[in-house]
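In what follows, a structure is listed as structure tokens, so that the remarks can point back to it.
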Amino acid sequence: MSQKEDVSKVYYPFLDSFRAIAIIMILAHHIRRAFTLDYLFVSDAPILKWIYYKSYEVFGINLTAFYKGIQYVISQLKGILGVEIFLVISGFLITGILLREEIHTGNVMHFYERRFFRIYPCYCLMVLVSVAIYVLQGHEGITNAMLTAGYHLLFLQNYFTIHPLLTHTWTLVVFEQFYFFCPLVILAVNGAFAQGHQRRKVMIGLCLLFIILSLAVRTYCLKTGQPLIAWPLSSPTPYWTITTNLGPISFGCLLALLEPYWSQWKKNKLWGTVFWLGGIALFYNIYFDADWSWYWGEWYEYVYGFLAVGLLFFGAYHGVSLFARLKSFQWIGRCSFGIYLWHNLVLEFWKIWIGTFPPEIIILGAFATSVWVGALSTNTIERYFLNLRDKSVPEI
């Protein structure tokens with residue numbers, strides 16, 4: 001969910017690569033769910049079957065173990081880890097922007113206006129198109145569709161039943177609520193404390209407090225299946241609300257608040273390697289050894305997720321990262337918001353062709369089309385409204 005254009009003074013290119021990794025993880029997870037990929041490599045998929053027999057016939061290579069390994073990796077896909085990456089990045093970038101703009105009463109609305117142009121036009125179009133398609137398919141009447149569209153456009157779907165074509169938008173609600181409250185918290189701290197170092201210490205303390213409280217709420221909700229208190233914290237899916245996802249967001253905020261200290265650290269490949277290996281080890285643990293069961297997970301597994309992001313962040317900062325310098329990854333990262341918005345509709349389209357084309361073609365088509373539609377949205381609708389924003393609400 002690219003925000004590069006917002007960060008005019010400080011920008012870390014490797015963040016685009018992190019976004020690319022996140023959106024690929026989410027997209028792969030949703031493709032797996034949409035097309036039941038857990039069983040692909042033990043089915044009679046034509047292309048895979050042809051490769052399997054030809055490899056043995058021509059080269060004497062038995063690919064059974066390889067296909068079983070791929071099947072296992074696919075079965076362990078966890079899109080929530082990609083969401084955690086986005087949450088950490090968002091907390092880091094937005095807090096950095098607000099700190100650099102020295103947010104005060106006079107420019108809070110300015111921040112909201114720029115966020116509106118960044119998110120809402122593309123989101124609004126996607127919601128209206130999705131609901132219209134659902135109506136045309138005969139699944140819903142116009143009256144119910146208008147009501148459904150209404151609470152989605154107001155970012156209230158986390159507290160109602162989310163539309164079948166818009167289930168992925170729960171993360172956007174979390175982001176938008178964070179964008180709304182974050183400047184207000186900083187504004188309150190700025191009003192209560194006159195000195196900059198006091199403000200920073202208080203905000204660091206608040207981030208740590210929010211991390212602890214979020215983990216406590218998440219643990220309660222996921223253990224009981226019930227919200228902590230009545231509305232507005234109630235939700236049919238309490239693990240989709242901001243109260244249970246403040247951990248990684250607050251961790252990203254914490255990275256931004258500590259930036260004046262760690263950005264003075266002389267870059268060192270050895271430290272970068274240590275951070276990178278630590279992050280990979282944590283990711284390996286939660287990817288293969290932890291049973292998240294969709295979005296359920298013990299509190300420490302969730303902590304491992306954003307700590308792994310933090311370690312990989314510092315590894316990339318020190319110049320050690322497997323994908324950080326790949327231009328193709330950076331490009332996907334810059335298009336990640338558009339890919340995320342539209343990929344659910346793309347998957348619905350490819351579901352029509354199940355049984356008509358080999359599953360491998362459907363999977364590759366769904367992935368490629370999602371990226372293409374996301375890039376198209378980024379370079380047309382999104383770019384138009386960002387240009388309009390820069391004319392209407394220029395940066396301070």
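Residues are named by chain letter and number: chains run A, B, ... in the order of the structure tokens, numbers start at 1 in each chain, and ligands are numbered from 1 in the order shown.
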
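Residue neighbourhood of A:Met146, excluding near-sequence residues (fewer than 5 positions): Val127, Leu128, Val129, Ser130, Val131, Ala132, Tyr134, Val135, Glu140, Gly141, Tyr151, His152, Leu153 and His163 of chain A, at 12 Å, using only C-alpha atoms.
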
Which residues are close to A:Arg325, i.e. within 7 Å by only C-alpha atoms, leaving aside same-chain residues fewer than 2 positions away? Reply as a PyMOL selection string. chain A and resi 14+323+327

Residue subset to file, keeping all heavy atoms, as a CSV table (one decimal), in the first residue's frame:
```csv
chain,number,residue,atom,x,y,z
A,14,PHE,N,13.8,0.3,0.5
A,14,PHE,CA,13.5,-1.1,0.7
A,14,PHE,C,12.1,-1.4,1.2
A,14,PHE,O,11.6,-2.5,1.2
A,14,PHE,CB,14.5,-1.7,1.7
A,14,PHE,CG,14.6,-1.1,3.1
A,14,PHE,CD1,13.6,-1.4,4.0
A,14,PHE,CD2,15.6,-0.2,3.4
A,14,PHE,CE1,13.7,-0.8,5.3
A,14,PHE,CE2,15.7,0.4,4.6
A,14,PHE,CZ,14.7,0.1,5.6
A,323,PHE,N,15.6,-9.2,-1.3
A,323,PHE,CA,14.8,-8.6,-2.3
A,323,PHE,C,14.8,-7.1,-2.4
A,323,PHE,O,14.2,-6.5,-3.3
A,323,PHE,CB,13.3,-9.0,-2.2
A,323,PHE,CG,13.1,-10.5,-2.2
A,323,PHE,CD1,12.8,-11.2,-1.1
A,323,PHE,CD2,13.3,-11.2,-3.4
A,323,PHE,CE1,12.7,-12.6,-1.1
A,323,PHE,CE2,13.1,-12.6,-3.4
A,323,PHE,CZ,12.8,-13.3,-2.3
A,327,LYS,N,14.4,-4.1,-8.6
A,327,LYS,CA,13.5,-3.1,-9.1
A,327,LYS,C,12.1,-3.6,-9.4
A,327,LYS,O,11.1,-2.9,-9.2
A,327,LYS,CB,14.0,-2.5,-10.5
A,327,LYS,CG,15.4,-1.8,-10.3
A,327,LYS,CD,15.3,-0.6,-9.4
A,327,LYS,CE,16.6,0.2,-9.3
A,327,LYS,NZ,16.5,1.3,-8.4
```

Close residues, A:Tyr304 itself excluded, 9 Å, only C-alpha atoms, min 6 positions apart in chain, as a VMD selection string: chain A and resid 282 to 283 285 to 286

Limited to all heavy atoms, could you put the picked residues into a file as a short mmCIF file (atom, residue, chain, number, x, y, z; two decimals), in the first residue's frame?
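This is the output file result-v3.cif:
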```cif
data_model
loop_
_atom_site.label_atom_id
_atom_site.label_comp_id
_atom_site.auth_asym_id
_atom_site.auth_seq_id
_atom_site.Cartn_x
_atom_site.Cartn_y
_atom_site.Cartn_z
N LEU A 282 12.73 -16.09 12.80
CA LEU A 282 11.40 -15.88 13.38
C LEU A 282 10.31 -16.17 12.36
O LEU A 282 9.30 -16.81 12.67
CB LEU A 282 11.27 -14.44 13.89
CG LEU A 282 11.82 -14.15 15.28
CD1 LEU A 282 11.61 -12.69 15.64
CD2 LEU A 282 11.18 -15.05 16.32
N PHE A 283 10.51 -15.70 11.12
CA PHE A 283 9.52 -15.96 10.08
C PHE A 283 9.40 -17.46 9.81
O PHE A 283 8.29 -17.98 9.61
CB PHE A 283 9.89 -15.23 8.78
CG PHE A 283 9.03 -14.04 8.52
CD1 PHE A 283 9.55 -12.76 8.57
CD2 PHE A 283 7.68 -14.20 8.23
CE1 PHE A 283 8.75 -11.65 8.33
CE2 PHE A 283 6.87 -13.10 8.00
CZ PHE A 283 7.41 -11.82 8.05
N ASN A 285 9.88 -19.82 11.91
CA ASN A 285 9.19 -20.41 13.04
C ASN A 285 7.68 -20.24 12.93
O ASN A 285 6.92 -21.20 13.10
CB ASN A 285 9.70 -19.80 14.34
CG ASN A 285 8.96 -20.32 15.56
OD1 ASN A 285 7.96 -19.76 15.98
ND2 ASN A 285 9.46 -21.41 16.13
N ILE A 286 7.22 -19.02 12.63
CA ILE A 286 5.78 -18.79 12.59
C ILE A 286 5.17 -19.26 11.28
O ILE A 286 3.95 -19.47 11.20
CB ILE A 286 5.45 -17.29 12.83
CG1 ILE A 286 6.17 -16.41 11.82
CG2 ILE A 286 5.82 -16.88 14.24
CD1 ILE A 286 5.92 -14.93 12.03
#
```

Using the chain letters and numbers from this document, which residues of stretch 68-169 of chain A does DSSP assign to alpha helix (DSSP H), as an MDAnalysis selection string? chainID A and resid 68:75 79:100 108:136 142:153

Output for the residues just chosen: C-alpha atoms as a CSV table (one decimal), in the first residue's frame:
```csv
chain,number,residue,atom,x,y,z
A,68,LYS,CA,5.2,-32.8,-1.9
A,69,GLY,CA,7.5,-30.1,-0.6
A,70,ILE,CA,5.8,-27.4,-2.7
A,71,GLN,CA,2.4,-28.7,-1.5
A,72,TYR,CA,3.6,-28.4,2.1
A,73,VAL,CA,4.8,-24.8,1.6
A,74,ILE,CA,1.5,-23.9,-0.1
A,75,SER,CA,-0.5,-25.5,2.8
A,79,GLY,CA,-1.6,-14.1,4.6
A,80,ILE,CA,-1.9,-12.5,8.0
A,81,LEU,CA,1.9,-12.3,8.0
A,82,GLY,CA,1.7,-10.1,5.0
A,83,VAL,CA,-0.9,-8.0,6.8
A,84,GLU,CA,1.4,-7.6,9.7
A,85,ILE,CA,4.1,-6.2,7.4
A,86,PHE,CA,1.7,-3.6,6.0
A,87,LEU,CA,0.6,-2.7,9.5
A,88,VAL,CA,4.2,-2.1,10.7
A,89,ILE,CA,5.1,-0.1,7.6
A,90,SER,CA,1.9,2.0,7.9
A,91,GLY,CA,2.6,2.8,11.6
A,92,PHE,CA,6.2,3.7,10.8
A,93,LEU,CA,5.4,5.9,7.8
A,94,ILE,CA,2.4,7.8,9.1
A,95,THR,CA,4.0,8.5,12.5
A,96,GLY,CA,7.1,9.8,10.7
A,97,ILE,CA,5.0,12.1,8.5
A,98,LEU,CA,3.1,13.5,11.5
A,99,LEU,CA,6.3,14.0,13.5
A,100,ARG,CA,8.0,15.8,10.6
A,108,VAL,CA,-4.8,17.9,11.4
A,109,MET,CA,-7.6,18.5,8.8
A,110,HIS,CA,-4.9,19.0,6.2
A,111,PHE,CA,-3.5,15.5,7.0
A,112,TYR,CA,-7.0,14.0,6.8
A,113,GLU,CA,-7.6,15.6,3.4
A,114,ARG,CA,-4.4,14.2,2.0
A,115,ARG,CA,-5.3,10.7,3.4
A,116,PHE,CA,-8.8,11.0,1.8
A,117,PHE,CA,-7.4,11.6,-1.7
A,118,ARG,CA,-4.8,8.8,-1.2
A,119,ILE,CA,-7.3,6.1,-0.1
A,120,TYR,CA,-10.9,6.9,-0.6
A,121,PRO,CA,-11.5,7.5,-4.4
A,122,CYS,CA,-10.1,4.1,-5.5
A,123,TYR,CA,-11.6,2.3,-2.5
A,124,CYS,CA,-15.1,3.9,-3.2
A,125,LEU,CA,-15.0,2.8,-6.8
A,126,MET,CA,-14.0,-0.8,-5.9
A,127,VAL,CA,-16.8,-1.0,-3.3
A,128,LEU,CA,-19.4,0.2,-5.8
A,129,VAL,CA,-18.2,-2.1,-8.5
A,130,SER,CA,-18.2,-5.1,-6.2
A,131,VAL,CA,-21.7,-4.5,-4.9
A,132,ALA,CA,-23.0,-3.8,-8.4
A,133,ILE,CA,-21.6,-7.1,-9.6
A,134,TYR,CA,-23.2,-9.0,-6.7
A,135,VAL,CA,-26.6,-7.4,-7.6
A,136,LEU,CA,-26.2,-8.2,-11.3
A,142,ILE,CA,-30.8,-3.1,-4.7
A,143,THR,CA,-32.1,-1.9,-1.3
A,144,ASN,CA,-29.8,-4.3,0.7
A,145,ALA,CA,-27.0,-3.5,-1.7
A,146,MET,CA,-27.2,0.2,-1.0
A,147,LEU,CA,-27.2,-0.4,2.7
A,148,THR,CA,-24.3,-2.8,2.4
A,149,ALA,CA,-22.4,-0.3,0.3
A,150,GLY,CA,-23.2,2.5,2.8
A,151,TYR,CA,-21.5,0.9,5.8
A,152,HIS,CA,-18.6,-0.2,3.7
A,153,LEU,CA,-18.1,3.3,2.4
```

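Minimum distance to A:Trp372 across A:Leu172, A:Ile280, A:Cys335, A:Ile249 (counting only C-alpha atoms) occurs at A:Cys335.
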
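When only C-alpha atoms are used to compute distances to A:Ile31, the closest of the residues A:Pro248, A:Gly205, A:Pro359, A:Gly279 turns out to be A:Pro359.
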
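Between atom CA of A:Gly247 and atom CA of A:Asn268 lies a distance of 28.6 Å.
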
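Rounded to one decimal, atom CA of A:Thr378 and atom CA of A:Ala308 lie 28.7 Å from each other.
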
Just the residues within 12 Å of A:Ile186, please, counting only C-alpha atoms, with nothing from its chain fewer than 6 positions along; format it as number ranges by chain. A: 94-105, 108, 179-180, 192-193, 196, 199-204, 206-207, 253, 257

Which value, in Å to one decimal, gives the distance between atom CA of A:Trp276 and atom CA of A:Leu322? 9.1 Å

Using only C-alpha atoms, the best pick from A:Thr36, A:Glu259, A:Val303, A:Val185 as closest to A:Ala216 would be A:Val303
